[in-house]
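Have a look at query_14.cif; it's mmCIF, C-alpha atoms; chains and numbers go by the auth columns:
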```
data_start
#
loop_
_atom_site.group_PDB
_atom_site.id
_atom_site.type_symbol
_atom_site.label_atom_id
_atom_site.label_comp_id
_atom_site.label_asym_id
_atom_site.label_seq_id
_atom_site.Cartn_x
_atom_site.Cartn_y
_atom_site.Cartn_z
_atom_site.B_iso_or_equiv
_atom_site.auth_seq_id
_atom_site.auth_asym_id
ATOM 1 C CA MET A 1 106.437 -34.401 78.225 0.00 65 A
ATOM 2 C CA ASN A 2 107.166 -37.399 76.087 0.00 66 A
ATOM 3 C CA TRP A 3 110.759 -37.619 74.869 0.00 67 A
ATOM 4 C CA THR A 4 110.404 -41.019 73.180 0.00 68 A
ATOM 5 C CA GLY A 5 110.131 -39.594 69.664 0.00 69 A
ATOM 6 C CA VAL A 6 113.117 -37.316 70.146 0.00 70 A
ATOM 7 C CA ILE A 7 115.215 -40.172 71.541 0.00 71 A
ATOM 8 C CA ILE A 8 114.283 -42.424 68.606 0.00 72 A
ATOM 9 C CA GLY A 9 115.107 -39.554 66.232 0.00 73 A
ATOM 10 C CA VAL A 10 118.552 -39.124 67.792 0.00 74 A
ATOM 11 C CA ILE A 11 119.155 -42.886 67.617 0.00 75 A
ATOM 12 C CA SER A 12 118.142 -42.872 63.940 0.00 76 A
ATOM 13 C CA PHE A 13 120.389 -39.906 63.185 0.00 77 A
ATOM 14 C CA LEU A 14 123.379 -41.502 64.916 0.00 78 A
ATOM 15 C CA THR A 15 122.766 -44.887 63.290 0.00 79 A
ATOM 16 C CA ILE A 16 122.679 -43.375 59.810 0.00 80 A
ATOM 17 C CA GLY A 17 125.846 -41.428 60.616 0.00 81 A
ATOM 18 C CA ILE A 18 127.596 -44.574 61.797 0.00 82 A
ATOM 19 C CA PHE A 19 126.526 -46.699 58.831 0.00 83 A
ATOM 20 C CA HIS A 20 127.856 -44.221 56.257 0.00 84 A
ATOM 21 C CA PRO A 21 131.549 -44.936 57.035 0.00 85 A
ATOM 22 C CA ILE A 22 130.797 -48.632 57.640 0.00 86 A
ATOM 23 C CA VAL A 23 129.572 -48.954 54.042 0.00 87 A
ATOM 24 C CA ILE A 24 132.549 -46.999 52.679 0.00 88 A
ATOM 25 C CA LYS A 25 135.123 -49.031 54.640 0.00 89 A
ATOM 26 C CA GLY A 26 133.299 -52.307 53.968 0.00 90 A
ATOM 27 C CA GLU A 27 133.319 -51.761 50.214 0.00 91 A
ATOM 28 C CA TYR A 28 136.936 -50.571 50.289 0.00 92 A
ATOM 29 C CA HIS A 29 138.260 -53.584 52.192 0.00 93 A
ATOM 30 C CA PHE A 30 135.890 -56.369 51.178 0.00 94 A
ATOM 31 C CA SER A 31 133.955 -55.153 48.081 0.00 95 A
ATOM 32 C CA ALA A 32 130.196 -55.174 47.703 0.00 96 A
ATOM 33 C CA LYS A 33 130.253 -58.954 48.058 0.00 97 A
ATOM 34 C CA ILE A 34 129.782 -58.551 51.824 0.00 98 A
ATOM 35 C CA TRP A 35 126.108 -57.785 51.260 0.00 99 A
ATOM 36 C CA PRO A 36 124.965 -61.142 52.750 0.00 100 A
ATOM 37 C CA PHE A 37 126.413 -60.032 56.107 0.00 101 A
ATOM 38 C CA PHE A 38 124.203 -56.942 56.017 0.00 102 A
ATOM 39 C CA LEU A 39 121.197 -59.060 54.989 0.00 103 A
ATOM 40 C CA VAL A 40 121.593 -61.514 57.874 0.00 104 A
ATOM 41 C CA ALA A 41 122.310 -58.743 60.385 0.00 105 A
ATOM 42 C CA GLY A 42 119.351 -56.689 59.160 0.00 106 A
ATOM 43 C CA ILE A 43 116.919 -59.584 59.410 0.00 107 A
ATOM 44 C CA ALA A 44 118.279 -60.543 62.837 0.00 108 A
ATOM 45 C CA PHE A 45 118.003 -57.024 64.278 0.00 109 A
ATOM 46 C CA CYS A 46 114.484 -56.577 62.899 0.00 110 A
ATOM 47 C CA ALA A 47 113.393 -59.980 64.216 0.00 111 A
ATOM 48 C CA ILE A 48 114.815 -59.281 67.670 0.00 112 A
ATOM 49 C CA SER A 49 113.092 -55.885 67.759 0.00 113 A
ATOM 50 C CA VAL A 50 109.701 -57.591 67.517 0.00 114 A
ATOM 51 C CA PHE A 51 110.266 -59.378 70.810 0.00 115 A
ATOM 52 C CA ILE A 52 111.429 -56.367 72.849 0.00 116 A
ATOM 53 C CA ASP A 53 108.787 -54.710 75.007 0.00 117 A
ATOM 54 C CA ASN A 54 110.654 -51.440 75.550 0.00 118 A
ATOM 55 C CA THR A 55 109.617 -48.971 72.836 0.00 119 A
ATOM 56 C CA ILE A 56 112.956 -47.187 72.583 0.00 120 A
ATOM 57 C CA ALA A 57 115.031 -50.388 72.553 0.00 121 A
ATOM 58 C CA SER A 58 112.707 -52.038 70.033 0.00 122 A
ATOM 59 C CA SER A 59 112.807 -48.971 67.803 0.00 123 A
ATOM 60 C CA ALA A 60 116.590 -48.721 68.054 0.00 124 A
ATOM 61 C CA LEU A 61 117.012 -52.367 67.024 0.00 125 A
ATOM 62 C CA ALA A 62 114.602 -51.908 64.119 0.00 126 A
ATOM 63 C CA VAL A 63 116.441 -48.775 62.958 0.00 127 A
ATOM 64 C CA VAL A 64 119.754 -50.652 63.034 0.00 128 A
ATOM 65 C CA GLY A 65 118.136 -53.584 61.214 0.00 129 A
ATOM 66 C CA PHE A 66 116.698 -51.464 58.446 0.00 130 A
ATOM 67 C CA SER A 67 119.960 -49.518 58.190 0.00 131 A
ATOM 68 C CA CYS A 68 121.714 -52.847 57.580 0.00 132 A
ATOM 69 C CA LEU A 69 119.186 -53.688 54.863 0.00 133 A
ATOM 70 C CA TRP A 70 119.522 -50.237 53.293 0.00 134 A
ATOM 71 C CA SER A 71 123.307 -50.681 53.297 0.00 135 A
ATOM 72 C CA ILE A 72 122.999 -53.532 50.803 0.00 136 A
ATOM 73 C CA GLY A 73 121.970 -51.059 48.121 0.00 137 A
ATOM 74 C CA GLU A 74 124.483 -48.518 49.336 0.00 138 A
ATOM 75 C CA LEU A 75 127.307 -51.042 48.847 0.00 139 A
ATOM 76 C CA LYS A 76 126.394 -51.260 45.166 0.00 140 A
ATOM 77 C CA GLU A 77 126.152 -47.470 44.968 0.00 141 A
ATOM 78 C CA GLN A 78 129.533 -47.128 46.700 0.00 142 A
ATOM 79 C CA GLU A 79 131.064 -49.477 44.171 0.00 143 A
ATOM 80 C CA GLU A 80 129.777 -47.175 41.430 0.00 144 A
ATOM 81 C CA ARG A 81 131.085 -44.073 43.236 0.00 145 A
ATOM 82 C CA VAL A 82 134.537 -45.696 43.372 0.00 146 A
ATOM 83 C CA ARG A 83 134.342 -46.490 39.635 0.00 147 A
ATOM 84 C CA LYS A 84 133.534 -42.828 38.959 0.00 148 A
ATOM 85 C CA GLY A 85 136.552 -41.780 41.012 0.00 149 A
ATOM 86 C CA TRP A 86 134.534 -40.046 43.726 0.00 150 A
ATOM 87 C CA PHE A 87 136.111 -42.316 46.372 0.00 151 A
ATOM 88 C CA PRO A 88 139.529 -43.980 46.380 0.00 152 A
ATOM 89 C CA ALA A 89 139.819 -47.538 45.134 0.00 153 A
ATOM 90 C CA ASN A 90 141.635 -50.109 47.215 0.00 154 A
ATOM 91 C CA PRO A 91 145.050 -50.535 45.563 0.00 155 A
ATOM 92 C CA LYS A 92 145.142 -54.166 46.747 0.00 156 A
ATOM 93 C CA LYS A 93 142.243 -54.997 44.443 0.00 157 A
ATOM 94 C CA LYS A 94 143.262 -56.002 40.935 0.00 158 A
ATOM 95 C CA ASN A 95 141.781 -53.954 38.078 0.00 159 A
ATOM 96 C CA GLY A 96 138.145 -54.168 39.098 0.00 160 A
ATOM 97 C CA ASP A 97 138.609 -57.631 40.575 0.00 161 A
ATOM 98 C CA ASP A 98 136.957 -58.002 43.965 0.00 162 A
ATOM 99 C CA LYS A 99 139.553 -60.424 45.272 0.00 163 A
ATOM 100 C CA LEU A 100 142.360 -59.057 47.381 0.00 164 A
ATOM 101 C CA LYS A 101 145.937 -59.955 46.486 0.00 165 A
#
```

Would you encode the structure as structure tokens?
Amino acid sequence: MNWTGVIIGVISFLTIGIFHPIVIKGEYHFSAKIWPFFLVAGIAFCAISVFIDNTIASSALAVVGFSCLWSIGELKEQEERVRKGWFPANPKKKNGDDKLK
């Protein structure tokens, strides 16, 4: 039996589950302007995954990398969800201003 696919599936599932609150908290505390962090991290994780021989480890790093890249768009979407009132806005942010007091 080959469990590699199942293990990668579980890693993907957990990674997506972990990134959901990371995006929400990141936008709440820092605004969507933290997207360059996700870009650099995503590129770094994907680049590192290319050099790993272990299939599961390489796949896990790539999943984390692409989750970071996907989070860039999700930050913008989260900003819109906050504007619509679906998520709470950070009271320390001035009326739509991304700078904290």

If we count only C-alpha atoms and set the cut-off at 12 Å, which residues sit around Cys110 in chain A, ignoring sequence neighbours fewer than 6 positions away in its own chain? Please answer as an mmCIF file with C-alpha atoms, in the frame of the given file.
```cif
data_model
loop_
_atom_site.group_PDB
_atom_site.id
_atom_site.type_symbol
_atom_site.label_atom_id
_atom_site.label_comp_id
_atom_site.auth_asym_id
_atom_site.auth_seq_id
_atom_site.Cartn_x
_atom_site.Cartn_y
_atom_site.Cartn_z
ATOM 1 C CA PHE A 102 124.203 -56.942 56.017
ATOM 2 C CA LEU A 103 121.197 -59.060 54.989
ATOM 3 C CA VAL A 104 121.593 -61.514 57.874
ATOM 4 C CA ILE A 116 111.429 -56.367 72.849
ATOM 5 C CA ALA A 121 115.031 -50.388 72.553
ATOM 6 C CA SER A 122 112.707 -52.038 70.033
ATOM 7 C CA SER A 123 112.807 -48.971 67.803
ATOM 8 C CA ALA A 124 116.590 -48.721 68.054
ATOM 9 C CA LEU A 125 117.012 -52.367 67.024
ATOM 10 C CA ALA A 126 114.602 -51.908 64.119
ATOM 11 C CA VAL A 127 116.441 -48.775 62.958
ATOM 12 C CA VAL A 128 119.754 -50.652 63.034
ATOM 13 C CA GLY A 129 118.136 -53.584 61.214
ATOM 14 C CA PHE A 130 116.698 -51.464 58.446
ATOM 15 C CA SER A 131 119.960 -49.518 58.190
ATOM 16 C CA CYS A 132 121.714 -52.847 57.580
ATOM 17 C CA LEU A 133 119.186 -53.688 54.863
#
```

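We find CA of Ile75 in chain A and CA of Tyr92 in chain A to be spaced 26.0 Å apart.
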
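The smallest atom-to-atom distance between Trp99 in chain A and any of A:Asn154, A:Ser135, A:Thr79, A:Ser113, using all atoms listed in the file, is found for A:Ser135.
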
Problem set entry | For CA of Leu139 in chain A and CA of Ala105 in chain A, the interatomic separation in Å (one decimal) |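 CA of Ala105 in chain A lies 14.7 Å from CA of Leu139 in chain A.
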
Exercise. For Ile136 in chain A, which residue among A:Ala108, A:Ile120, A:Ile72, A:Ile86 is the nearest when counting all atoms listed in the file?
Worked result: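 So, comparing all the options, the nearest one is A:Ile86.
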
Exercise. By how many Å are CA of Val87 in chain A and CA of Lys156 in chain A apart?
Worked result: 18.0 Å

Could you tell me which residues the PyMOL selection byres ((chain A and resi 96) around 7) returns for this structure, as a PDB file with C-alpha atoms, in the frame of the given file?
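Output contents, as saved in expr34.pdb:
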```
ATOM      1  CA  GLU A  91     133.319 -51.761  50.214  1.00  0.00           C
ATOM      2  CA  PHE A  94     135.890 -56.369  51.178  1.00  0.00           C
ATOM      3  CA  SER A  95     133.955 -55.153  48.081  1.00  0.00           C
ATOM      4  CA  LYS A  97     130.253 -58.954  48.058  1.00  0.00           C
ATOM      5  CA  ILE A  98     129.782 -58.551  51.824  1.00  0.00           C
ATOM      6  CA  TRP A  99     126.108 -57.785  51.260  1.00  0.00           C
ATOM      7  CA  LEU A 139     127.307 -51.042  48.847  1.00  0.00           C
ATOM      8  CA  LYS A 140     126.394 -51.260  45.166  1.00  0.00           C
ATOM      9  CA  GLU A 143     131.064 -49.477  44.171  1.00  0.00           C
TER      10      GLU A 143
END
```

For this session: Find, counting all atoms listed in the file, the residue in A:Trp134, A:Ala153, A:Thr119, A:Glu144 that gets nearest to Ile71 in chain A.
Result: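 Under the stated criterion, the closest residue is A:Thr119.
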
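Take the candidates A:Gly81, A:Gly137, A:Pro155, A:Gly149 and check each one against Pro100 in chain A using only C-alpha atoms; the shortest distance goes to A:Gly137.
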
Please determine an axis-aligned box that encloses all atoms of range 125-142 of chain A listed in the file, with 8 Å added on each side, and express its centre and edge lengths in Å to one decimal as JSON.
```
{"center_x": 122.1, "center_y": -50.4, "center_z": 56.0, "size_x": 30.9, "size_y": 22.6, "size_z": 38.1}
```
